[in-house]
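K.L.:
Quick one: this structure, given as structure tokens, is what I'll be asking you about.
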Amino acid sequence: MKATKAAKGLLAFSQQEDLVDLPDNFPLSGSEDEGDGDGERKHQKLLEAISSLNGKNRWKIPERSEASLKLSEFNVSSEGSGEKVVLADLLGPVKTSTSLAVVKKQLNRVKSKKTVELPLNKKEVEQINREVAFSKTTQTLSKWDPIVLKNRQAKQLVFPIEKEPSTIAPIEHMFSNWKARTPLEQEVFNLLHKNKQPVTDPLLTPMEKASLKAMSLEEAKLRRAELQRARALQSYYEARARREKKIKSKKYHKIVKKGKSKKALKDFELLRKVDPNAALEELEKIEKARMMERMSLKHQNSGKWAKSKAIMAKYDLEARQAMQEQLAKNKELTQKLQVVQESEEEEVGAEEEEPLVPDVVNEVQMSVDGPNPWMRRSCNSNAKEDEIQADPDPGQPLELVTNELSESEEDAKPMAEEEILLKEFEERRTLRKRSEHNHSAKPVGSQEETDSNSQEVLSELKVLSQKLNKENHQTKKQKKHSTETVCGVQRGEPIPEEEEPLLLQRPKRAQTLEELEELGREECSEHTEFPRPALEDQMERNPQNQPKGKKKKEEQMINLQNLLTTKSPSVRSLAVPTTIEELEDEVERDQRQMIKEAFAGDDVIKEFLKEKRAAVEANKPKDVDLTLPGWGEWGGMGLKPSAKKRRRFLIKAPEGPPRKDKNLPNVIINEKRNIHAAAHQVRVLPYPFTHHQQFERTIQNPIGSTWNTQRAFQKLTTPKVVTKPGHIIKPIRAENVGYRSSSRSDLSVMQSGQKGLSKHHQKKLKKTSVD
Amino acid sequence: MKVKMLSRNPDDYVRETKLDLQRVPRNYDPALHPFEVPREYVRALNATKLERVFAKPFLASLDGHRDGVNCLAKHPKSLSTVLSGACDGEVKIWNLTTRKCTRTIQAHEGFVRGICTRFCGTSFFTVGDDKTVKQWKMDGPGYGEEEEPLHTILGKTVYTGIDHHWKDAAFATCGQQVDIWDEQRTSPVCSMTWGFDSISSVKFNPIETFLLGSCASDRNIVLYDMRQATPLKKVILDMRTNTICWNPMEAFIFTAANEDYNLYTFDMRALDTPVMVHLDHVSAVLDVDYSPTGKEFVSASFDKSVRIFPVDKSQSREVYHTKRMQHVICVKWTSDSKYIMCGSDEMNIRLWKANASEKLGRDKEEDECLQPLQMNSRCMLHLVHLFAYILYILFISREMNRRKHSKPGSVPIVSERKKHVLAVVK
């Protein structure tokens with residue numbers, strides 16, 4: 001019976017859940033279940049259920065057909081709404097009543113709490129634990145990798161690894177029990193303490209530490225080298241200065257000063273060219289210095305010394321001169337600097353102020369025009385020495401000129417003819433200048449020219465004059481002849497003499513426009529000559545494409561290029577304007593050429609043939625020559641055994657069997673392989689070797705003591721593992737190889753871990769009990 | 001008349017003392033020695049042959065047990081002391097220098113399954129078939145005292161193996177599960193199980209001492225972490241593993257002695273393929289022990305032989321067997337790496353040299369220079385142990401035949417290393 005019941009139950013279960021659930025869905029009171037109607041109703045229900053099976057809405061909403069007084073609270077169902085009971089629905093009516101606030105709160109809290117997820121089953125948890133533990137262990141084990149590798153590759157391992165603990169105790173331990181007793185020891189310790197010499201482990205003074213921290217070795221080296229260089233330079237400089245200081249010659253010092261001033265000027269010039277702003281600043285500085293000078297009473301002949309000199313001046317020529325010098329210096333220092341104009345307009349406007357040759361020169365010429373040249377020369381000769389003394393101011397480059405002048409003058413004096421020549425030059429130049437002024441259309445070119453030659457003394461002079469002699473100009477205009485101008489005249493007058501030789505020396509420099517023009521003409525002539533060959537070449541290459549009409553234009557275009565490369569007239573430059581096809585042809589040709597070049601050495605077939613030929617040659621049996629030079633005839637250097645002998649003693653090798661690859665042109669068959677030797681050869685490359693050549697090399701080198709020195713033999717035959725008899729070899733330890741092993745024992749770790757675990761468990765248990 | 005004389009510096013040829021060797025001047029120019037390689041080859045060959053001729057590895061046999069020797073243990077501090085447990089429950093302590101038994105204890109009823117010494121060498125532990133773990137003092141009892149264990153722990157199940165921790169006062173036993181014991185307690189600190197079959201041996205890692213390896217009769221090797229009290233990984237092989245042994249120089253390497261005649265060296269981080277399969281035995285391998293240098297290990301087999309394998313070679317370097325030696329059950333390499341001990345079925349413990357042709361005591365230098373020569377010659381001669389080789393070839397050829405006569409692709413070529421590992425369980 002039981003079995004059948006169970007079977008039925010199973011059947012019912014398997015049919016449909018709905019069917020099984022049916023009795024629950026119909027909460028019926030027990031009294032109704034009795035009687036005949038029972039079976040009928042059941043049947044009806046069954047029918048209903050079956051009918052509801054196919055449709056979508058399987059549930060027929062049950063209705064209570066009869067009213068009953070007793071309603072069990074356990075039979076409350078949500079069937080009426082067709083949904084589950086939701087908490088919100090229950091809370092709805094509660095909201096209105098204030099007395100249930102506490103309950104409401106609790107309910108809300110419940111609502112906000114999420115359901116706790118099911119714990120993983122034990123198996124999964126264990127697996128996860130194992131995996132985690134395994135990864136941890138692998139990590140800890142990986143620290144052994146380098147050591148294992150090292151030991152495996154080591155040429156020799158010596159066991160036991162643990163060395164006998166060395167008896168050297170750290171200094172601190174030794175030191176703690178020890179006291180300085182003898183006076184010497186005390187003294188030493190005093191010294192040590194004074195220098196803060198640390199006695200314990202890091203044996204460095206604080207200073208040393210700091211220095212170690214401060215910079216690396218390279219830095220320090222660099223630094224030291226720098227310092228050394230600086231020191232050396234300083235010493236050189238000092239030595240030089242001392243030497244120079246000792247020189248008594250006034251002339252020498254003067255020259256030095258002048259040199260310095262000249263250099264300063266040059267620098268300034270350079271600066272002006274390179275960085276005009278900086279130059280302006282420099283100028284401003286000079287201006288400031290001038291202002292200061294003007295404000296101060298220096299060089300005003302108002303000092304004590306000046307007054308005394310003034311008294312003396314009446315009688316003493318030297319004193320007078322000194323005073324004048326002072327004044328001159330004042331003048332110079334307070335002279336206003338003229339800012340150099342760079343714009344064209346200004347240049348055009350101030351034609352007079354901006355000549356090619358400095359005004360000083362002009363002045364000289366003017367003055368030269370006036371008075372007798374002979375007179376001037378005598379004047380010069382008189383003034384020569386005066387001038388040298390009268391120009392003490394170092395800052396001004398004029399002195400330099402004069403100095404040079406004086407030297408040049410000495411040469412020039414005896415040669416009147418030269419002077420005449422020079423004069424002629426000067427005249428020509430003035431003429432040129434005037435013409436230049438007239439040619440206002442081409443100021444730019446001239447300007448450029450001057451710029452290009454600005455490094456010459458000429459330009460220097462020009463600028464100088466611009467800077468200094470503005471007053472001069474004014475005085476010129478007013479026809480006033482101050483001492484200054486006279487000085488200027490005196491100074492400036494011989495300049496052309498000095499300058500002209502320079503010009504003569506370098507005749508190619510395009511000094512002026514004329515010369516430039518001349519040069520240009522020359523160039524033109526050159527140009528006309530150069531393009532010829534190129535053109536002809538071009539014509540030869542593609543005569544059909546070459547239009548003759550373009551010739552002139554092209555000439556002009558090419559000029560520059562031809563100038564640069566006359567030897568190899570480029571085809572392309574000409575071809576560019578003609579046709580595109582040609583270009584393409586060239587491109588193709590180029591590519592072919594390139595490919596050819598790239599694969600120049602890669603003639604595979606030829607190489608293979610060569611290789612094969614070599615192989616055949618190498619494998620051919622060789623003739624054996626048994627001739628003994630000097631046997632039966634004279635021998636020695638340069639003497640060969642006679643042909644007869646050679647023929648006689650030459651044993652010809654027998655012709656070997658035909659090669660296997662004789663008729664295979666694309667194959668080389670190696671016939672060298674010896675099958676019998678294979679038995680003695682190694683099949684597998686032994687472990688430490690990576691290439692057969694390495695192995696062969698080691699095998700070929702004998703290791704026995706017969707062929708090696710004792711040392712080498714010992715080295716070659718060192719055993720891989722050395723053990724000491726009677727010594728216990730312990731397993732390797734972390735401490736032995738420099739690792740830190742955990743101080744806690746495994747057992748304690750385990751127990752603590754377990755305790756933790758158990759505590760955790762206890763907590764859990766407690767929690768569950770509370771809940 | 002002037003007489004020219006040859007004059008030599010006596011320093012070049014006169015010995016400083018009488019005991020010095022006579023100096024033999026020699027020109028090492030290779031041009032003067034055209035046949036150096038062939039000569040050396042002949043020498044090396046002769047040396048190899050001589051080595052075989054003079055190989056006399058067997059040193060001594062320690063007899064005294066009245067049943068098969070089931071387990072051996074080395075003394076951690078003394079080279080001359082060896083402990084052995086027999087199948088009749090007797091434990092004997094031997095002195096190797098005198099080759100005498102110094103002490104005999106009737107430790108258990110039934111087999112002595114396992115024996116291990118404490119790391120300090122003051123006591124040792126034994127487990128037996130009588131479900132007990134016993135701790136004994138290394139020194140014998142005083143006059144008139146009775147032979148009694150220090151502690152006895154009565155367990156619920158049979159213990160089949162025991163090993164002591166290398167640093168701590170803990171030991172591990174195996175049986176139905178791996179138990180880790182604190183020496184002070186009578187119940188295990190923790191017991192770890194994974195699977196339900198009986199575990200035949202457990203070994204502590206000598207370097208990373210918290211690691212344990214065990215092998216069970218359900219063909220698997222399980223690794224445990226003692227600190228975290230959890231098993232780590234399990235590898236299932238073709239057949240059952242009898243014991244494992246950790247390499248004392250390489251923390252993650254261990255070798256397993258398997259029933260399928262092979263030994264497998266594993267890197268415990270990558271268990272899916274053994275690092276090396278050692279092939280030479282012709283019957284089940286029962287025990288394995290590493291040389292303390294970690295370069296070689298010795299294995300004892302049911303085929304009545306002991307073999308020495310280099311760790312990185314699949315073929316053995318040496319086979320030791322005698323006429324009377326039966327199935328070798330246990331083997332140990334002494335901790336100075338010079339000797340090997342094996343205990344066998346026929347109640348004897350045998351002492352062997354680790355290097356068969358090594359001369360003991362004197363004439364060391366000559367020996368040293370022989371070794372590399374032999375190594376060279378070995379490369380050239382590829383001396384293969386014939387028997388194992390033939391077996392191997394037979395095996396291979398059988399497989400080849402099978403492959404030849406079956407559908408192409410149905411018998412795939414599997415490398416020897418991959419063949420024997422069935423699965424790795426995380």
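By order in the structure tokens, chains are A, B, ...; within a chain, residues start at 1; ligands start at 1, following the order shown.
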Could you make a table, as JSON lines, of the residues of chain B that have an atom within 8 Å of an atom of chain A, each with its nearest atom pair and distance in Å to one decimal, counting only C-alpha atoms, in chain and number order?

P.N.:
{"residue": "B:Tyr28", "atom": "CA", "partner": "A:Trp707", "partner_atom": "CA", "distance": 5.6}
{"residue": "B:Pro30", "atom": "CA", "partner": "A:Trp707", "partner_atom": "CA", "distance": 7.6}
{"residue": "B:His33", "atom": "CA", "partner": "A:Trp707", "partner_atom": "CA", "distance": 7.6}
{"residue": "B:Glu36", "atom": "CA", "partner": "A:Pro702", "partner_atom": "CA", "distance": 6.5}
{"residue": "B:Val37", "atom": "CA", "partner": "A:Pro702", "partner_atom": "CA", "distance": 6.0}
{"residue": "B:Glu40", "atom": "CA", "partner": "A:Pro702", "partner_atom": "CA", "distance": 6.6}
{"residue": "B:Lys77", "atom": "CA", "partner": "A:Ile728", "partner_atom": "CA", "distance": 7.5}
{"residue": "B:Leu79", "atom": "CA", "partner": "A:Ile728", "partner_atom": "CA", "distance": 7.1}
{"residue": "B:Lys167", "atom": "CA", "partner": "A:Ser745", "partner_atom": "CA", "distance": 7.7}
{"residue": "B:Asp168", "atom": "CA", "partner": "A:Ser745", "partner_atom": "CA", "distance": 6.4}
{"residue": "B:Ala169", "atom": "CA", "partner": "A:Leu747", "partner_atom": "CA", "distance": 7.8}
{"residue": "B:Ala170", "atom": "CA", "partner": "A:Leu747", "partner_atom": "CA", "distance": 6.9}
{"residue": "B:Asp182", "atom": "CA", "partner": "A:Leu747", "partner_atom": "CA", "distance": 7.7}
{"residue": "B:Val189", "atom": "CA", "partner": "A:Gln751", "partner_atom": "CA", "distance": 7.7}
{"residue": "B:Pro206", "atom": "CA", "partner": "A:Pro731", "partner_atom": "CA", "distance": 6.3}
{"residue": "B:Ile207", "atom": "CA", "partner": "A:Arg733", "partner_atom": "CA", "distance": 6.0}
{"residue": "B:Glu208", "atom": "CA", "partner": "A:Leu141", "partner_atom": "CA", "distance": 7.8}
{"residue": "B:Thr209", "atom": "CA", "partner": "A:Asp746", "partner_atom": "CA", "distance": 7.4}
{"residue": "B:Phe210", "atom": "CA", "partner": "A:Asp746", "partner_atom": "CA", "distance": 5.9}
{"residue": "B:Asp225", "atom": "CA", "partner": "A:Ala133", "partner_atom": "CA", "distance": 7.5}
{"residue": "B:Met226", "atom": "CA", "partner": "A:Met750", "partner_atom": "CA", "distance": 6.6}
{"residue": "B:Arg227", "atom": "CA", "partner": "A:Met750", "partner_atom": "CA", "distance": 4.2}
{"residue": "B:Gln228", "atom": "CA", "partner": "A:Met750", "partner_atom": "CA", "distance": 6.2}
{"residue": "B:Ala229", "atom": "CA", "partner": "A:Met750", "partner_atom": "CA", "distance": 6.8}
{"residue": "B:Thr230", "atom": "CA", "partner": "A:Arg130", "partner_atom": "CA", "distance": 6.4}
{"residue": "B:Pro231", "atom": "CA", "partner": "A:Arg130", "partner_atom": "CA", "distance": 6.1}
{"residue": "B:Leu232", "atom": "CA", "partner": "A:Arg130", "partner_atom": "CA", "distance": 4.9}
{"residue": "B:Lys233", "atom": "CA", "partner": "A:Phe134", "partner_atom": "CA", "distance": 7.1}
{"residue": "B:Pro248", "atom": "CA", "partner": "A:Pro731", "partner_atom": "CA", "distance": 4.7}
{"residue": "B:Met249", "atom": "CA", "partner": "A:Ile732", "partner_atom": "CA", "distance": 5.2}
{"residue": "B:Glu250", "atom": "CA", "partner": "A:Val148", "partner_atom": "CA", "distance": 5.9}
{"residue": "B:Ala251", "atom": "CA", "partner": "A:Trp144", "partner_atom": "CA", "distance": 6.9}
{"residue": "B:Phe252", "atom": "CA", "partner": "A:Leu141", "partner_atom": "CA", "distance": 6.6}
{"residue": "B:Arg269", "atom": "CA", "partner": "A:Thr138", "partner_atom": "CA", "distance": 6.1}
{"residue": "B:Pro292", "atom": "CA", "partner": "A:Ile729", "partner_atom": "CA", "distance": 5.9}
{"residue": "B:Thr293", "atom": "CA", "partner": "A:Phe159", "partner_atom": "CA", "distance": 7.2}
{"residue": "B:Ser335", "atom": "CA", "partner": "A:Ile728", "partner_atom": "CA", "distance": 5.2}
{"residue": "B:Asp336", "atom": "CA", "partner": "A:Ile728", "partner_atom": "CA", "distance": 4.8}
{"residue": "B:Ser337", "atom": "CA", "partner": "A:Thr723", "partner_atom": "CA", "distance": 7.6}
{"residue": "B:Lys338", "atom": "CA", "partner": "A:Pro725", "partner_atom": "CA", "distance": 7.4}
{"residue": "B:Glu368", "atom": "CA", "partner": "A:Pro719", "partner_atom": "CA", "distance": 6.6}
{"residue": "B:Cys369", "atom": "CA", "partner": "A:Thr717", "partner_atom": "CA", "distance": 5.6}
{"residue": "B:Gln371", "atom": "CA", "partner": "A:Pro719", "partner_atom": "CA", "distance": 7.2}
{"residue": "B:Pro372", "atom": "CA", "partner": "A:Thr717", "partner_atom": "CA", "distance": 5.8}
{"residue": "B:Leu373", "atom": "CA", "partner": "A:Ile703", "partner_atom": "CA", "distance": 7.7}
{"residue": "B:Asn376", "atom": "CA", "partner": "A:Ile699", "partner_atom": "CA", "distance": 7.3}
{"residue": "B:Cys379", "atom": "CA", "partner": "A:Val682", "partner_atom": "CA", "distance": 6.3}
{"residue": "B:Met380", "atom": "CA", "partner": "A:Val682", "partner_atom": "CA", "distance": 5.3}
{"residue": "B:Leu381", "atom": "CA", "partner": "A:His680", "partner_atom": "CA", "distance": 6.6}
{"residue": "B:His382", "atom": "CA", "partner": "A:Val682", "partner_atom": "CA", "distance": 7.4}
{"residue": "B:Lys426", "atom": "CA", "partner": "A:Glu131", "partner_atom": "CA", "distance": 6.4}

K.L.:
Give the helix (DSSP H, G or I) residues of range 49-246 of chain B, as assigned by DSSP on the backbone, as a PyMOL selection string.

P.N.:
chain B and resi 49-53

K.L.:
Next, the residues of the selection above should be written as an mmCIF file, in the first residue's frame with N, CA, C and O atoms.

P.N.:
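What follows is the written file selection.cif:
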data_model
loop_
_atom_site.group_PDB
_atom_site.id
_atom_site.type_symbol
_atom_site.label_atom_id
_atom_site.label_comp_id
_atom_site.auth_asym_id
_atom_site.auth_seq_id
_atom_site.Cartn_x
_atom_site.Cartn_y
_atom_site.Cartn_z
ATOM 1 N N LYS B 49 86.920 2.646 -17.843
ATOM 2 C CA LYS B 49 86.911 1.189 -17.665
ATOM 3 C C LYS B 49 87.463 0.819 -16.290
ATOM 4 O O LYS B 49 86.888 -0.014 -15.575
ATOM 5 N N LEU B 50 88.540 1.464 -15.950
ATOM 6 C CA LEU B 50 89.159 1.163 -14.660
ATOM 7 C C LEU B 50 88.222 1.506 -13.518
ATOM 8 O O LEU B 50 88.174 0.810 -12.505
ATOM 9 N N GLU B 51 87.524 2.605 -13.733
ATOM 10 C CA GLU B 51 86.581 2.999 -12.694
ATOM 11 C C GLU B 51 85.565 1.879 -12.459
ATOM 12 O O GLU B 51 85.231 1.548 -11.332
ATOM 13 N N ARG B 52 85.109 1.310 -13.568
ATOM 14 C CA ARG B 52 84.163 0.201 -13.429
ATOM 15 C C ARG B 52 84.828 -1.006 -12.770
ATOM 16 O O ARG B 52 84.221 -1.691 -11.952
ATOM 17 N N VAL B 53 86.083 -1.205 -13.174
ATOM 18 C CA VAL B 53 86.789 -2.366 -12.629
ATOM 19 C C VAL B 53 86.964 -2.222 -11.124
ATOM 20 O O VAL B 53 86.744 -3.150 -10.355
#

K.L.:
Excluding range 653-667 of chain A and any residue of its chain fewer than 2 positions from it, enumerate the residues within 10 Å of it, using only C-alpha atoms, and give them as a PyMOL selection string.

P.N.:
chain A and resi 605+608-609+612+616+619-624+650-651+669-671

K.L.:
Using all heavy atoms, can you write the selected residues to a file as a short mmCIF file (atom, residue, chain, number, x, y, z; two decimals), in the first residue's frame?

P.N.:
data_model
loop_
_atom_site.label_atom_id
_atom_site.label_comp_id
_atom_site.auth_asym_id
_atom_site.auth_seq_id
_atom_site.Cartn_x
_atom_site.Cartn_y
_atom_site.Cartn_z
N ILE A 605 72.50 32.75 -57.53
CA ILE A 605 72.82 31.59 -58.37
C ILE A 605 74.33 31.48 -58.54
O ILE A 605 74.92 30.41 -58.39
CB ILE A 605 72.12 31.73 -59.74
CG1 ILE A 605 70.60 31.75 -59.52
CG2 ILE A 605 72.53 30.61 -60.66
CD1 ILE A 605 69.83 32.25 -60.69
N PHE A 608 75.92 30.29 -55.45
CA PHE A 608 75.74 28.85 -55.23
C PHE A 608 76.70 28.06 -56.11
O PHE A 608 77.34 27.10 -55.65
CB PHE A 608 74.29 28.46 -55.53
CG PHE A 608 74.04 26.98 -55.38
CD1 PHE A 608 73.89 26.43 -54.13
CD2 PHE A 608 74.01 26.15 -56.49
CE1 PHE A 608 73.69 25.08 -53.97
CE2 PHE A 608 73.82 24.80 -56.35
CZ PHE A 608 73.65 24.26 -55.10
N LEU A 609 76.77 28.47 -57.37
CA LEU A 609 77.67 27.76 -58.29
C LEU A 609 79.10 27.79 -57.77
O LEU A 609 79.82 26.79 -57.79
CB LEU A 609 77.59 28.39 -59.69
CG LEU A 609 76.32 28.03 -60.46
CD1 LEU A 609 76.31 28.76 -61.78
CD2 LEU A 609 76.23 26.52 -60.68
N LYS A 612 79.47 25.47 -54.92
CA LYS A 612 79.51 24.07 -55.35
C LYS A 612 80.89 23.74 -55.93
O LYS A 612 81.47 22.69 -55.64
CB LYS A 612 78.42 23.83 -56.39
CG LYS A 612 78.39 22.37 -56.80
CD LYS A 612 77.16 22.02 -57.56
CE LYS A 612 77.20 20.52 -57.87
NZ LYS A 612 76.05 20.07 -58.59
N VAL A 616 83.38 20.90 -54.62
CA VAL A 616 83.92 19.84 -55.48
C VAL A 616 85.44 19.84 -55.40
O VAL A 616 86.08 18.80 -55.24
CB VAL A 616 83.44 20.06 -56.93
CG1 VAL A 616 84.21 19.15 -57.88
CG2 VAL A 616 81.96 19.78 -57.04
N ASN A 619 86.71 18.43 -52.18
CA ASN A 619 86.55 16.98 -51.99
C ASN A 619 87.39 16.14 -52.95
O ASN A 619 87.43 14.92 -52.83
CB ASN A 619 85.08 16.60 -52.13
CG ASN A 619 84.35 16.84 -50.85
OD1 ASN A 619 84.89 17.49 -49.93
ND2 ASN A 619 83.14 16.35 -50.74
N LYS A 620 87.96 16.79 -53.93
CA LYS A 620 88.78 16.05 -54.88
C LYS A 620 90.01 15.51 -54.17
O LYS A 620 90.62 16.18 -53.34
CB LYS A 620 89.23 17.00 -56.00
CG LYS A 620 88.59 16.67 -57.34
CD LYS A 620 89.16 17.56 -58.39
CE LYS A 620 88.28 17.55 -59.61
NZ LYS A 620 88.66 18.58 -60.54
N PRO A 621 90.40 14.30 -54.49
CA PRO A 621 91.65 13.79 -53.91
C PRO A 621 92.84 14.61 -54.40
O PRO A 621 92.93 14.94 -55.59
CB PRO A 621 91.71 12.35 -54.41
CG PRO A 621 90.71 12.25 -55.52
CD PRO A 621 89.71 13.31 -55.32
N LYS A 622 93.70 14.93 -53.47
CA LYS A 622 94.80 15.85 -53.80
C LYS A 622 96.05 15.06 -54.22
O LYS A 622 96.30 13.95 -53.71
CB LYS A 622 95.15 16.69 -52.56
CG LYS A 622 93.97 17.44 -51.99
CD LYS A 622 93.98 18.85 -52.43
CE LYS A 622 92.78 19.65 -51.97
NZ LYS A 622 91.59 18.98 -51.52
N ASP A 623 96.80 15.67 -55.10
CA ASP A 623 98.09 15.07 -55.48
C ASP A 623 99.07 15.22 -54.33
O ASP A 623 99.00 16.19 -53.57
CB ASP A 623 98.65 15.77 -56.71
CG ASP A 623 97.72 15.58 -57.91
OD1 ASP A 623 96.84 14.71 -57.81
OD2 ASP A 623 97.89 16.31 -58.91
N VAL A 624 99.96 14.27 -54.23
CA VAL A 624 100.95 14.33 -53.16
C VAL A 624 102.31 14.68 -53.77
O VAL A 624 102.78 13.99 -54.69
CB VAL A 624 101.04 12.98 -52.42
CG1 VAL A 624 101.97 13.10 -51.23
CG2 VAL A 624 99.66 12.53 -51.98
N LEU A 650 105.96 13.61 -57.90
CA LEU A 650 104.56 13.94 -57.67
C LEU A 650 103.72 12.67 -57.83
O LEU A 650 103.72 12.04 -58.88
CB LEU A 650 104.11 15.00 -58.68
CG LEU A 650 102.73 15.57 -58.41
CD1 LEU A 650 102.82 16.61 -57.31
CD2 LEU A 650 102.18 16.22 -59.66
N ILE A 651 103.04 12.32 -56.78
CA ILE A 651 102.16 11.16 -56.87
C ILE A 651 100.77 11.66 -57.16
O ILE A 651 100.16 12.41 -56.38
CB ILE A 651 102.16 10.36 -55.56
CG1 ILE A 651 103.55 9.81 -55.29
CG2 ILE A 651 101.15 9.23 -55.62
CD1 ILE A 651 103.71 9.24 -53.91
N ILE A 669 75.81 17.65 -52.58
CA ILE A 669 75.71 16.51 -51.65
C ILE A 669 77.05 16.37 -50.95
O ILE A 669 78.10 16.21 -51.59
CB ILE A 669 75.34 15.22 -52.39
CG1 ILE A 669 73.94 15.34 -52.99
CG2 ILE A 669 75.40 14.04 -51.42
CD1 ILE A 669 73.56 14.18 -53.88
N ASN A 670 77.00 16.43 -49.66
CA ASN A 670 78.23 16.33 -48.89
C ASN A 670 78.62 14.86 -48.75
O ASN A 670 77.87 14.06 -48.20
CB ASN A 670 78.00 16.96 -47.52
CG ASN A 670 79.28 17.09 -46.76
OD1 ASN A 670 80.35 16.68 -47.25
ND2 ASN A 670 79.22 17.67 -45.59
N GLU A 671 79.76 14.51 -49.26
CA GLU A 671 80.19 13.10 -49.22
C GLU A 671 81.21 12.85 -48.11
O GLU A 671 81.81 11.80 -48.02
CB GLU A 671 80.79 12.71 -50.58
CG GLU A 671 79.72 12.65 -51.65
CD GLU A 671 80.30 12.41 -53.03
OE1 GLU A 671 81.52 12.42 -53.17
OE2 GLU A 671 79.51 12.21 -53.95
#

K.L.:
Using only C-alpha atoms, which of the listed residues (B:Ile396, B:Val411, B:Ala423, B:Leu96) sits closest to Met341 in chain B?

P.N.:
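Comparing B:Ile396, B:Val411, B:Ala423, B:Leu96 against Met341 in chain B, the winner is B:Leu96.
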
K.L.:
Any chance you could list, as a VMD selection string, the residues in range 24-69 of chain B that come up strand (DSSP E) when DSSP is run on the backbone?

P.N.:
chain B and resid 58 to 63 69

K.L.:
Just checking: using only C-alpha atoms, which residue out of B:Arg417, B:Arg39, B:Arg118, B:Arg66 ends up closest to Phe266 in chain B?

P.N.:
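Result for the nearest residue to Phe266 in chain B: B:Arg417.
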
K.L.:
Skip Ser200 in chain B itself and residues of its chain fewer than 5 positions away, then list as number ranges by chain all residues within 8 Å of it, counting only C-alpha atoms.

P.N.:
B: 160-161, 174-175, 214-217, 242-243

K.L.:
Please provide as number ranges by chain all residues within 9 Å of range 191-194 of chain B, with the sequence filter that same-chain residues fewer than 3 positions apart are discarded (counting only C-alpha atoms).

P.N.:
B: 176-181, 188, 197, 222, 224, 229-231, 234

K.L.:
Skip range 315-322 of chain B itself and residues of its chain fewer than 2 positions away, then list as a list in words all residues within 7 Å of it, counting only C-alpha atoms.

P.N.:
His278, Leu279, Asp280, Lys304, Ser305, Val306, Arg307, Ile308, Phe309, Pro310, Lys313, Arg324 and Met325 of chain B

K.L.:
Range 59-62 of chain B: which residues within 8 Å, counting only C-alpha atoms, same-chain residues fewer than 3 positions away excluded, as a PyMOL selection string?

P.N.:
chain B and resi 56+99-101+348-353
